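K.L.:
This is the content of entry29.txt (compact mmCIF, C-alpha atoms):
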```txt
# COMPACT_ATOMS: atom_id res chain seq x y z
CA LEU A 854 61.53 -0.46 -14.44
CA LEU A 855 59.56 -0.88 -17.67
CA THR A 856 57.24 -3.42 -16.03
CA GLY A 857 56.48 -0.95 -13.23
CA ARG A 858 55.62 1.80 -15.74
CA VAL A 859 53.34 -0.55 -17.69
CA GLN A 860 51.55 -1.55 -14.49
CA ARG A 861 51.08 2.10 -13.46
CA LEU A 862 49.83 2.98 -16.94
CA HIS A 863 47.42 0.02 -16.87
CA SER A 864 46.16 1.09 -13.44
CA ALA A 865 45.67 4.70 -14.61
CA LEU A 866 43.77 3.53 -17.73
CA LEU A 867 41.55 1.32 -15.58
CA LYS A 868 40.73 4.24 -13.24
CA ALA A 869 40.02 6.53 -16.22
CA SER A 870 37.76 3.89 -17.77
CA THR A 871 35.84 3.54 -14.49
CA LYS A 872 35.42 7.33 -14.25
CA ILE A 873 34.14 7.50 -17.83
CA LYS A 874 31.60 4.75 -17.08
CA ASP A 875 30.48 6.63 -13.97
CA ILE A 876 30.08 9.85 -15.98
CA GLU A 877 28.08 8.02 -18.66
CA GLU A 878 25.86 6.40 -16.02
CA ASN A 879 25.28 9.74 -14.28
CA ALA A 880 24.38 11.35 -17.61
CA GLN A 881 21.58 8.79 -18.00
CA ARG A 882 20.10 9.38 -14.54
CA ASP A 883 17.77 11.97 -13.07
CA ALA A 884 19.90 13.80 -10.49
CA LEU A 885 17.10 14.07 -7.92
CA LEU A 886 15.48 10.65 -8.22
CA GLY A 887 18.17 8.27 -9.43
CA CYS A 888 15.91 6.74 -12.10
CA TYR A 889 16.62 7.19 -15.81
CA ASN A 890 16.18 10.67 -17.28
CA ARG A 891 14.10 11.80 -20.24
CA ARG A 892 16.90 11.69 -22.80
CA TYR A 893 17.84 8.14 -21.91
CA ILE A 894 14.32 6.73 -21.73
CA VAL A 895 13.33 8.29 -25.07
CA ALA A 896 16.46 6.74 -26.63
CA VAL A 897 15.55 3.35 -25.11
CA LEU A 898 12.02 3.63 -26.49
CA GLU A 899 13.34 4.31 -30.00
CA GLU A 900 15.76 1.38 -29.74
CA GLN A 901 13.03 -0.98 -28.49
CA LYS A 902 10.73 0.13 -31.33
CA ARG A 903 13.49 -0.84 -33.78
CA VAL A 904 13.89 -4.22 -32.07
CA ALA A 905 10.12 -4.81 -32.11
CA ASP A 906 9.96 -3.96 -35.82
CA GLU A 907 12.84 -6.31 -36.63
CA THR A 908 11.77 -9.25 -34.45
CA GLY A 909 7.99 -8.90 -34.30
CA THR A 910 8.04 -8.98 -30.49
CA ASP A 911 5.55 -7.04 -28.40
CA LEU A 912 6.40 -3.68 -26.89
CA CYS A 913 4.29 -1.70 -24.44
CA LEU A 914 4.57 1.79 -23.01
CA ALA A 915 3.08 3.26 -19.84
CA VAL A 916 2.82 6.93 -18.93
CA ILE A 917 2.52 7.38 -15.16
CA ASP A 918 1.49 10.65 -13.54
CA LEU A 919 1.19 11.42 -9.84
CA ASP A 920 -2.32 12.61 -8.96
CA TYR A 921 -2.78 16.10 -7.48
CA PHE A 922 0.97 16.56 -7.18
CA LYS A 923 0.71 20.36 -7.30
CA LEU A 924 -1.39 20.20 -4.13
CA VAL A 925 1.33 18.13 -2.44
CA ASN A 926 3.81 20.91 -3.14
CA ASP A 927 1.34 23.63 -2.12
CA GLU A 928 0.31 21.95 1.13
CA ALA A 929 3.51 20.28 2.30
CA GLY A 930 6.23 22.22 0.47
CA HIS A 931 8.62 21.41 -2.33
CA LEU A 932 11.01 19.41 -0.15
CA ALA A 933 8.14 17.10 0.79
CA GLY A 934 7.21 16.96 -2.89
CA ASP A 935 10.77 15.90 -3.72
CA ASP A 936 10.53 13.16 -1.08
CA VAL A 937 7.26 11.94 -2.62
CA LEU A 938 8.90 11.81 -6.06
CA ARG A 939 11.92 9.91 -4.72
CA THR A 940 9.72 7.43 -2.86
CA PHE A 941 7.48 6.91 -5.87
CA ALA A 942 10.49 6.32 -8.14
CA ARG A 943 11.81 3.71 -5.71
CA ILE A 944 8.39 1.97 -5.48
CA ALA A 945 8.08 1.88 -9.27
CA GLN A 946 11.62 0.57 -9.80
CA ASP A 947 11.06 -2.12 -7.16
CA ASN A 948 7.98 -3.34 -9.04
CA VAL A 949 9.26 -3.69 -12.60
CA ARG A 950 11.11 -6.56 -14.21
CA GLN A 951 14.83 -6.45 -14.88
CA GLY A 952 14.39 -5.79 -18.61
CA ASP A 953 11.85 -2.99 -18.17
CA VAL A 954 13.08 0.61 -18.25
CA PHE A 955 11.59 3.24 -15.94
CA GLY A 956 12.42 6.92 -16.05
CA ARG A 957 11.29 10.46 -15.41
CA TYR A 958 9.87 12.19 -18.46
CA GLY A 959 9.40 15.53 -16.71
CA GLY A 960 7.91 16.99 -13.54
CA GLU A 961 5.74 14.28 -11.99
CA GLU A 962 5.33 12.32 -15.25
CA PHE A 963 7.20 9.07 -15.81
CA LEU A 964 7.57 6.53 -18.60
CA LEU A 965 7.82 2.77 -18.31
CA VAL A 966 9.07 0.92 -21.39
CA LEU A 967 8.13 -2.78 -21.35
CA PRO A 968 10.04 -4.69 -24.06
CA GLU A 969 8.89 -8.14 -25.16
CA THR A 970 5.72 -7.74 -23.10
CA SER A 971 2.12 -8.46 -24.02
CA LEU A 972 -0.54 -5.89 -23.19
CA LEU A 973 -1.96 -8.15 -20.47
CA ALA A 974 1.43 -8.62 -18.80
CA ALA A 975 2.07 -4.86 -19.06
CA LEU A 976 -1.32 -4.20 -17.46
CA ASN A 977 -0.37 -6.47 -14.56
CA SER A 978 2.90 -4.53 -14.07
CA ALA A 979 1.14 -1.16 -14.22
CA GLU A 980 -1.57 -2.28 -11.82
CA ARG A 981 1.05 -3.59 -9.40
CA ILE A 982 2.76 -0.18 -9.35
CA ARG A 983 -0.59 1.60 -8.88
CA GLU A 984 -1.53 -0.67 -5.96
CA GLN A 985 1.87 -0.31 -4.28
CA VAL A 986 1.72 3.48 -4.47
CA GLU A 987 -1.85 3.57 -3.14
CA SER A 988 -1.09 1.25 -0.21
CA TYR A 989 2.26 2.84 0.75
CA ALA A 990 2.32 4.36 4.26
CA TRP A 991 2.95 7.97 3.20
CA SER A 992 3.93 10.11 6.16
CA GLY A 993 5.29 13.48 7.13
CA LYS A 994 3.47 16.70 6.28
CA LEU A 995 1.24 15.09 3.65
CA LYS A 996 -2.44 15.87 4.07
CA ARG A 997 -3.53 13.39 1.42
CA SER A 998 -2.71 9.93 0.18
CA ILE A 999 -0.63 9.61 -2.97
CA THR A 1000 -2.01 7.85 -6.03
CA VAL A 1001 -1.09 7.61 -9.69
CA SER A 1002 -2.94 7.62 -13.00
CA ILE A 1003 -1.46 5.35 -15.64
CA GLY A 1004 -2.00 5.21 -19.39
CA LEU A 1005 -0.91 2.05 -21.15
CA THR A 1006 -0.75 0.98 -24.76
CA GLN A 1007 0.95 -1.46 -27.09
CA TYR A 1008 3.24 -0.43 -29.92
CA ILE A 1009 1.81 -0.74 -33.43
CA PRO A 1010 4.64 -1.84 -35.77
CA GLY A 1011 5.92 1.05 -37.82
CA GLU A 1012 4.29 3.86 -35.83
CA SER A 1013 6.41 6.79 -34.75
CA GLY A 1014 7.59 7.25 -31.20
CA LEU A 1015 5.56 10.46 -31.07
CA ASP A 1016 2.36 8.63 -32.07
CA LEU A 1017 3.00 5.88 -29.51
CA PHE A 1018 3.63 8.42 -26.77
CA SER A 1019 0.58 10.46 -27.80
CA ARG A 1020 -1.73 7.43 -27.61
CA THR A 1021 -0.31 6.45 -24.23
CA ASP A 1022 -0.50 9.98 -22.88
CA THR A 1023 -4.14 10.20 -24.02
CA ALA A 1024 -4.89 7.01 -22.07
CA MET A 1025 -3.26 8.54 -19.00
CA TYR A 1026 -5.45 11.65 -19.30
CA MET A 1027 -8.48 9.38 -19.64
CA ALA A 1028 -7.44 7.82 -16.31
CA LYS A 1029 -7.30 11.32 -14.82
CA ARG A 1030 -10.71 12.29 -16.19
CA GLY A 1031 -12.16 8.96 -15.10
CA GLY A 1032 -11.43 9.62 -11.43
CA ARG A 1033 -7.64 9.07 -11.11
CA ASN A 1034 -5.88 6.22 -9.30
CA GLN A 1035 -6.42 3.80 -12.16
CA VAL A 1036 -4.84 2.25 -15.23
CA VAL A 1037 -6.47 2.95 -18.59
CA VAL A 1038 -5.48 0.79 -21.54
CA GLU A 1039 -5.64 2.18 -25.06
CA GLU A 1040 -5.80 -0.92 -27.19
CA PRO A 1041 -4.05 -0.61 -30.56
CA THR A 1042 -6.29 -0.66 -33.61
CA VAL A 1043 -4.96 -2.16 -36.80
CA GLN A 1044 -5.82 -0.17 -39.91
CA PHE A 1045 -8.01 -1.86 -42.51
CA TRP A 1046 -5.29 -1.66 -45.14
CA GLN A 1047 -2.90 -3.52 -42.87
CA THR A 1048 -5.29 -6.44 -42.41
CA SER A 1049 -6.60 -6.60 -45.96
CA GLY A 1050 -3.22 -6.49 -47.64
CA CYS A 1051 -4.16 -3.49 -49.83
```
Would it be possible to restate this file's structure as structure tokens?

P.N.:
Amino acid sequence: LLTGRVQRLHSALLKASTKIKDIEENAQRDALLGCYNRRYIVAVLEEQKRVADETGTDLCLAVIDLDYFKLVNDEAGHLAGDDVLRTFARIAQDNVRQGDVFGRYGGEEFLLVLPETSLLAALNSAERIREQVESYAWSGKLKRSITVSIGLTQYIPGESGLDLFSRTDTAMYMAKRGGRNQVVVEEPTVQFWQTSGC
């Protein structure tokens, strides 16, 4: 009798543990797209900054924005816009490495955190995503092809997450102003006092 109760209790605890894990996983995901949400990706970025500061490993960040997305919604409707976002999120997730973290920052803007990644390797990843989006056979009510503008930069040890995001976001806007459908790299500059030891 006691053994049966212990087994039932163990089974109930296992089910509760599984439900809690599911709830935690769902809390990290964007409900519409299935990729990570803003809260989770910002937390990952802060954690990876800490790791980079402690280990000296490279860390890169990309800001990805869908070009002319408002026109997609205006011309094809919001349901078609949602389909474009879902398809883009799938394309992006299919073209990143296992250790990279991709998520929706807001609207049609996404972040890609690339831990332990040089700027050149990060550029290759960003360019691969850009090419896959451009060459995808978009269909349905869309009157235009879908492209993305990507800003990319490398973390400077000790800088704030806000500064890193701001530099990367600026690079993304440079990609927009430069004609869209491109990756713009903002190379980190090391301050004089950091190199001279002052």

K.L.:
Nearest residue to Arg1030 (chain A) out of A:Asp920, A:Ala915, A:Tyr958, A:Ala942, using all atoms listed in the file?

P.N.:
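With all atoms listed in the file as the atom set, the closest residue is A:Asp920.
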
K.L.:
Tell me, as a list in words, which residues lie within 10 Å of Glu969 (chain A), counting only C-alpha atoms; anything in the same chain fewer than 3 positions away does not count.

P.N.:
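Here the qualifying residues turn out to be Gln901, Val904, Ala905, Thr908, Gly909, Thr910, Asp911, Leu912, Cys913, Gly952, Asp953, Val966, Leu972, Ala974 and Ala975 of chain A.
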
K.L.:
What separation in Å, quoted to one decimal, exists between CA of Asp936 (chain A) and CA of Arg891 (chain A)?

P.N.:
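A separation of 19.5 Å between them.
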
K.L.:
For Tyr889 (chain A), which residue out of A:Leu862, A:Leu964, A:Leu932, A:Leu867 is the nearest one, using all atoms listed in the file?

P.N.:
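Of A:Leu862, A:Leu964, A:Leu932, A:Leu867, the one nearest Tyr889 (chain A) is A:Leu964, counting all atoms listed in the file.
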
K.L.:
Would you work out the distance separating CA of Gln946 (chain A) from CA of Lys996 (chain A), expressed in Å to one decimal?

P.N.:
25.0 Å

K.L.:
Separation of CA of Asp947 (chain A) and CA of Arg1033 (chain A), in Å?

P.N.:
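CA of Arg1033 (chain A) lies 22.1 Å from CA of Asp947 (chain A).
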
K.L.:
Region 983-997 of chain A, all listed atoms, 6 Å padding on each side: what axis-aligned box centre and edge lengths in Å to one decimal come out, as lines of an AutoDock Vina configuration file?

P.N.:
```
center_x = 0.9
center_y = 8.0
center_z = -0.9
size_x = 20.8
size_y = 29.4
size_z = 28.0
```

K.L.:
Kindly indicate which residue among A:Leu924, A:Leu976, A:Leu938, A:Leu866 lies nearest to Arg997 (chain A), using only C-alpha atoms for the distances.

P.N.:
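Nearest candidate to Arg997 (chain A) out of A:Leu924, A:Leu976, A:Leu938, A:Leu866: A:Leu924.
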
K.L.:
Tell me which of A:Ala1024, A:Val897, A:Leu886, A:Val949 sits closest to Thr970 (chain A), counting only C-alpha atoms.

P.N.:
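Looking only at the distances to Thr970 (chain A), the closest residue turns out to be A:Val949.
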
K.L.:
Near Gly1014 (chain A), within 7 Å and counting all atoms listed in the file, which residues show up once chain neighbours fewer than 3 positions away are dropped, as a count of residues only?

P.N.:
3

K.L.:
Find, counting all atoms listed in the file, the residue in A:Ser1019, A:Arg981, A:Lys1029, A:Glu962 that gets nearest to Asp918 (chain A).

P.N.:
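Among the listed residues, the smallest separation from Asp918 (chain A) belongs to A:Glu962.
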
K.L.:
Would you mind telling me which residue in A:Thr1023, A:Ser1002, A:Gln985, A:Gln881 lies nearest to Phe963 (chain A) when using only C-alpha atoms?

P.N.:
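Nearest candidate to Phe963 (chain A) out of A:Thr1023, A:Ser1002, A:Gln985, A:Gln881: A:Ser1002.
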
K.L.:
Taking (15.9, 4.1, -18.3) in the file's coordinates as the center, which residues reach within 6 Å of it, counting all atoms listed in the file, put as a list in words?

P.N.:
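It turns out the residues near that spot are Tyr889, Tyr893, Ile894, Val954, Phe955 and Gly956 of chain A.
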
K.L.:
Residues proximal to (-12.2, 6.3, -20.4) were defined as those with any atom within 12 Å of that point in the file's coordinates, counting only C-alpha atoms. Which are they, as an NGL selection string?

P.N.:
:A and (1002-1004 or 1023-1033 or 1035-1040)
